[in-house]
Amino acid sequence: MCILQLSLLLFHWIPHIGLAVFIWQFTHRKIQLDANHIYGSKYSSGSDESKSELCADRKRTSTNYLDGTLNNLSCSTTIHNGCHLNMQRSASVDPTKMGVGKAIAVLTSGGDAQGMNAAVRATVRVGIYTGAKVYFVHEGYQGLVDGGDNIRQATWESVSMMLQLGGTVIGSARCQDFRSKEGRAKAACNLVKLGITNLCVIGGDGSLTGANEFRNEWSELLQILLKAGKITAEEAKRSSHLNIVGMVGSIDNDFCGTDMTIGTDSALHRIMEVVDAITTTAQSHQRAFILEVMGRHCGYLALITALACGADWVFIPEMPPDEGWEDHLCRRLTYQRSIGNRLNVIIVAEGALDRHGKPITCDIIKNLVTKKLGFDTRATILGHVQRGGTPSAFDRILGSRMGVEAVMALLEATPDTPACVVSLSGNMAVRLPLMECVQVTKEVTKAMAEGRFEEAVKLRGKSFENNWNTYKLLAHVTAPDVKSNINIAIMNVGAPCAGMNAAVRSAVRIGILQGHSMLAVHDGFDGLAHGTIEPMTWGYVGGWTGKGGSNLGTKRSLPARMIEEISLNIAKFNIHALVIIGGFEAFVGGLELWNYREKYEELCIPLVVIPATVSNNIPGSDFSIGADTALNTITTTCDRIKQSAAGTKRRVFIIETMGGYCGYLATMAGLAAGADAAYIYEEQFGIHDLETNVEHLLEKMKTTVKRGLILRLVILSHNVQMTLKCNANYTTDFIFNLYSEEGKGVFDCRKNVLGHMQQGGTPTPFDRNFGTKMAGRIFANTPDSACVLGMKKRAMIFQPLSDLKEDTDSEHRIPKTQWWLKLRPILKILAKYKISLDTSETATMEHVIKKRGTV
């Protein structure tokens with residue numbers, strides 16, 4: 001009897017991503033089956049009856065392992081590029097009237113973070129959409145105390161062209177005045193005079209704690225101002241209570257309760273740019289590089305960087321290394337050199353300590369490695385470069401989504417509603433009591449100070465804990481002496497995309513650590529049919545994490561036409577399980593293998609499809625490996641295109657994106673780039689819609705906003721020709737000509753076809769980590785039949801391919817239900833279209849202390 005175990009590793013990124021984000025979380029499912037039943041007597045008998053029975057057993061297995069679905073998962077994972085809403089709100093509410101008679105102020109406080117401007121922009125525009133007055137508070141709490149010109153009413157145009165800017169346009173400042181009651185009284189007076197009773201604060205835990213204190217003593221402050229004659233009784237009555245909603249902006253991702261803070265993904269982008277650059281020079285000279293990243297009290301950036309670049313060692317404040325770490329580190333570096341690696345990478349969080357509370361610095365590590373091993377060693381401290389640069393697509397969409405939800409939370413708040421923080425849990429938005437989050441965040445710091453390091457890691461959340469365990473598994477565990485005698489083949493199918501190699505690397509190394517033999521199948525199903533299969537070792541996949549494309553080679557061919565050859569090679573190479581990493585062809589190919597099982601017993605092996613495609617169109621998963629990299633490529637290109645028009649006003653750009661019939665890239669790029677429209681297959685359009693868009697732009701050009709951006713969806717056909725499938729008649733050329741003709745005298749028009757650049761490039765941090773976690777522990781002698789491993793809302797789950805057929809539009813190669821379609825109204829509202837926002841759903845209020853298990 002053999003225990004066959006399946007473990008899911010979720011990347012909590014977010015996020016991310018991935019994130020986004022891409023922080024995923026472990027969800028363990030254990031399934032016991034008789035190994036002889038799978039590989040033994042029934043399999044070898046060869047009778048038609050036994051084959052049929054075996055395949056029937058495998059099919060039953062494939063439907064049984066999902067009995068512990070989302071309801072049984074206590075995980076909290078990160079979204080990449082959006083979130084679901086999940087609490088019913090009164091459908092009778094008119095969203096354009098929710099804010100009438102109300103005023104909202106938005107401020108950014110503490111350290112700046114990329115993506116803050118996206119949150120400010122969304123807050124302003126959605127606030128105006130609801131009928132509320134919205135005010136900027138410049139220079140954070142200092143501006144709130146000083147008042148005057150620091151608090152100004154915002155207009156729709158005042159947040160134009162800020163989406164792609166880093167930092168915070170409205171400024172941030174440390175404020176000692178606000179720490180005193182006298183200072184807070186001045187701030188309250190400034191708000192009362194303007195009739196502002198709703199405050200949106202974007203900052204870290206200190207900023208949000210200050211906001212909560214401000215709210216708690218609001219009534220007392222009003223009495224002080226009333227007695228001093230600074231406000232009237234009528235003004236005090238009109239401003240009887242203050243609503244507070246927070247959004248967490250911090251590159252450190254150190255706030256408990258949310259899976260991802262605004263700015264973290266962008267900071268990881270900056271870090272990975274440096275790591276990739278360092279890698280090339282280090283390999284040239286066989287050097288060891290030590291990189292210090294931010295994270296004074298939180299090791300998130302360091303930990304995710306280590307996972308994303310395959311670092312040899314990482315130092316984080318939550319988990320100091322054991323006694324004698326110096327010798328262990330040297331042994332690790334020496335071993336890496338002995339297996340042919342030309343470089344070593346060590347990541348250090350700026351707050352890293354040893355078990356005695358002594359700082360571990362780059363200089364200490366450099367001196368150790370240089371003196372003890374004689375390695376040519378360099379140290380780099382990144383510093384504030386991590387805060388700089390343009391925000392990633394993830395942070396722009398995260399900030400936009402959170403800004404929308406923050407406005408809804410403010411306008412729905414009552415005097416009894418606690419101050420809340422808008423947070424992300426998996427692919428869902430939640431509202432959490434602000435002070436519960438702050439309490440848990442402080443508990444982490446206290447646990448570290450008292451030497452309770454295991455507890456500190458757990459208090460960071462399951463996601464952080466599992467990221468730490470994953471790093472240890474990939475970097476510090478040696479292969480077992482006893483082999484499992486199980487051969488697992490890995491292949492890429494479909495178009496190449498960034499992150500595929502990271503998934504292969506992770507699958508290979510985890511498989512080796514579990515005693516399995518790993519086989520590389522080159523060139524997809526063609527390679528499986530032709531026998532281009534070879535063993536993979538630990539060093540075989542070294543350095544693959546940061547490489548784009550597919551090192552294994554990939555093709556779009558499907559297995560049906562060569563099924564006999566494939567079955568023969570599965571038997572010839574003694575393949576016991578198959579991991580297929582790829583796009584829609586991988587999904588269809590897996591289905592074809594499953595369909596042929598009754599005819600070919602060799603196909604009755606476990607197989608898992610891991611979604612990897614820029615189109616993000618695989619049924620069974622909200623996200624696919626590679627989509628984040630493509631989205632960032634599109635977003636960056638849009639930024640450059642808009643910048644090219646900086647000196648040429650009144651210009652509209654029409655941009656073609658990939659995606660096939662799936663509008664994910666067009667929609668998400670529209671949100672990230674601030675597009676005026678995104679035409680997609682899923683949302684049919686006609687000449688009336690085009691006329692509306694043109695009229696909208698004509699009106700827009702009469703204001704101070706002088707540029708427009710239209711994102712256009714295209715398909716990459718099998719013959720590698722760009723063929724528009726969104727509408728057979730309304731082609732890109734047609735729309736370009738329409739806009740050009742109708743815009744004469746007001747604006748001119750340009751078009752740009754992005755093409756295959758969307759599939760290229762090095763993977764983003766989200767895709768590297770998403771790939772690592774998706775392939776990390778999908779097989780431990782897995783008996784499950786044929787399934788897709790995908791992210792759904794808060795969890796990674798396996799879903800049978802046979803079940804997913806019902807949710808697949810095979811003709812158009814998309815799932816029938818796609819979560820991101822709920823975000824399209826937000827894109828239109830932020831572009832100033834007069835549409836109705838569905839307010840029947842909103843985020844739930846949860847309790848972080850109960851959720852984290854830290855009562």
# chains A, B, ... in the order shown; residues from 1 in each chain; ligands from 1
$ residues_around --residues "Ser810 of chain A" --least-positions-apart "6" --cutoff "10 Å" --atoms "only C-alpha atoms" --output "ChimeraX atom specification"
/A:584,588,816
$ select_by_dssp --residues "segment 500-539 of chain A" --states "strand (DSSP E)" --output "PyMOL selection string"
chain A and resi 517-521+533-536
$ write_last_selection --atoms "C-alpha atoms" --output "tab-separated table (two decimals), in the first residue's frame"
chain	number	residue	atom	x	y	z
A	517	SER	CA	12.92	11.29	-11.48
A	518	MET	CA	12.06	14.28	-13.64
A	519	LEU	CA	11.88	14.11	-17.43
A	520	ALA	CA	11.97	17.01	-19.90
A	521	VAL	CA	9.67	16.72	-22.91
A	533	ILE	CA	12.60	13.24	-23.80
A	534	GLU	CA	15.57	13.45	-21.44
A	535	PRO	CA	16.22	13.45	-17.69
A	536	MET	CA	16.45	16.73	-15.79
$ closest_residue --among "A:Gly357, A:Gly499, A:Gly204, A:Gly257" --to "Ser425 of chain A" --atoms "only C-alpha atoms"
A:Gly257
$ residues_around --residues "Leu191 of chain A" --least-positions-apart "2" --cutoff "10 Å" --atoms "only C-alpha atoms" --output "PyMOL selection string"
chain A and resi 103-105+144-145+147+151+185-189+193-199+239+242
$ closest_residue --among "A:Ile634, A:Leu301, A:Ala449, A:Cys749" --to "Ile654 of chain A" --atoms "only C-alpha atoms"
A:Cys749
$ closest_residue --among "A:Lys832, A:Arg509, A:Arg401, A:His696" --to "Tyr540 of chain A" --atoms "only C-alpha atoms"
A:Arg509
$ select_by_dssp --residues "segment 384-550 of chain A" --states "alpha helix (DSSP H)" --output "PyMOL selection string"
chain A and resi 393-412+434-449+453-459+462-476+500-513+524-530
$ residues_around --residues "segment 433-438 of chain A" --least-positions-apart "2" --cutoff "8 Å" --atoms "only C-alpha atoms" --output "list in words"
Asp205, Leu208, Thr209, Asn212, Gly246, Phe255, Cys256, Gly257, Pro418, Ala419, Cys420, Val421, Arg431, Val440, Thr441, Lys442, Met845, Glu846, His847, Val848 and Ile849 of chain A
$ atom_distance --atom1 "atom CA of Val100 of chain A" --atom2 "atom CA of Leu837 of chain A"
15.8 Å
$ residues_around --residues "segment 366-380 of chain A" --least-positions-apart "3" --cutoff "8 Å" --atoms "only C-alpha atoms" --output "JSON list (two decimals) with N, CA and C atoms, in the first residue's frame"
[["chain", "number", "residue", "atom", "x", "y", "z"],
["A", 286, "GLN", "N", 32.28, 35.15, -12.05],
["A", 286, "GLN", "CA", 32.11, 34.18, -10.97],
["A", 286, "GLN", "C", 32.14, 34.87, -9.61],
["A", 287, "ARG", "N", 31.21, 35.77, -9.42],
["A", 287, "ARG", "CA", 31.16, 36.55, -8.20],
["A", 287, "ARG", "C", 30.00, 36.13, -7.29],
["A", 288, "ALA", "N", 30.14, 36.52, -6.05],
["A", 288, "ALA", "CA", 29.04, 36.42, -5.09],
["A", 288, "ALA", "C", 28.51, 37.83, -4.85],
["A", 289, "PHE", "N", 27.20, 38.00, -4.98],
["A", 289, "PHE", "CA", 26.60, 39.31, -4.78],
["A", 289, "PHE", "C", 25.68, 39.30, -3.57],
["A", 290, "ILE", "N", 25.83, 40.33, -2.76],
["A", 290, "ILE", "CA", 24.97, 40.52, -1.58],
["A", 290, "ILE", "C", 24.12, 41.75, -1.83],
["A", 291, "LEU", "N", 22.82, 41.60, -1.74],
["A", 291, "LEU", "CA", 21.90, 42.69, -2.06],
["A", 291, "LEU", "C", 21.03, 43.00, -0.85],
["A", 292, "GLU", "N", 21.11, 44.25, -0.39],
["A", 292, "GLU", "CA", 20.27, 44.67, 0.73],
["A", 292, "GLU", "C", 19.03, 45.38, 0.21],
["A", 326, "GLU", "N", 27.06, 30.99, 9.92],
["A", 326, "GLU", "CA", 28.20, 31.35, 9.08],
["A", 326, "GLU", "C", 28.76, 30.13, 8.34],
["A", 330, "CYS", "N", 28.52, 29.22, 4.22],
["A", 330, "CYS", "CA", 29.71, 28.92, 3.42],
["A", 330, "CYS", "C", 29.60, 27.55, 2.74],
["A", 334, "THR", "N", 29.63, 27.02, -1.31],
["A", 334, "THR", "CA", 30.64, 26.11, -1.87],
["A", 334, "THR", "C", 29.96, 25.03, -2.70],
["A", 362, "CYS", "N", 25.42, 43.79, 5.15],
["A", 362, "CYS", "CA", 26.12, 43.37, 3.93],
["A", 362, "CYS", "C", 27.62, 43.25, 4.16],
["A", 363, "ASP", "N", 28.17, 44.20, 4.92],
["A", 363, "ASP", "CA", 29.61, 44.18, 5.16],
["A", 363, "ASP", "C", 30.03, 42.94, 5.94]]
$ closest_residue --among "A:Thr667, A:Met408, A:Gly310, A:Asp322" --to "Pro95 of chain A" --atoms "only C-alpha atoms"
A:Met408
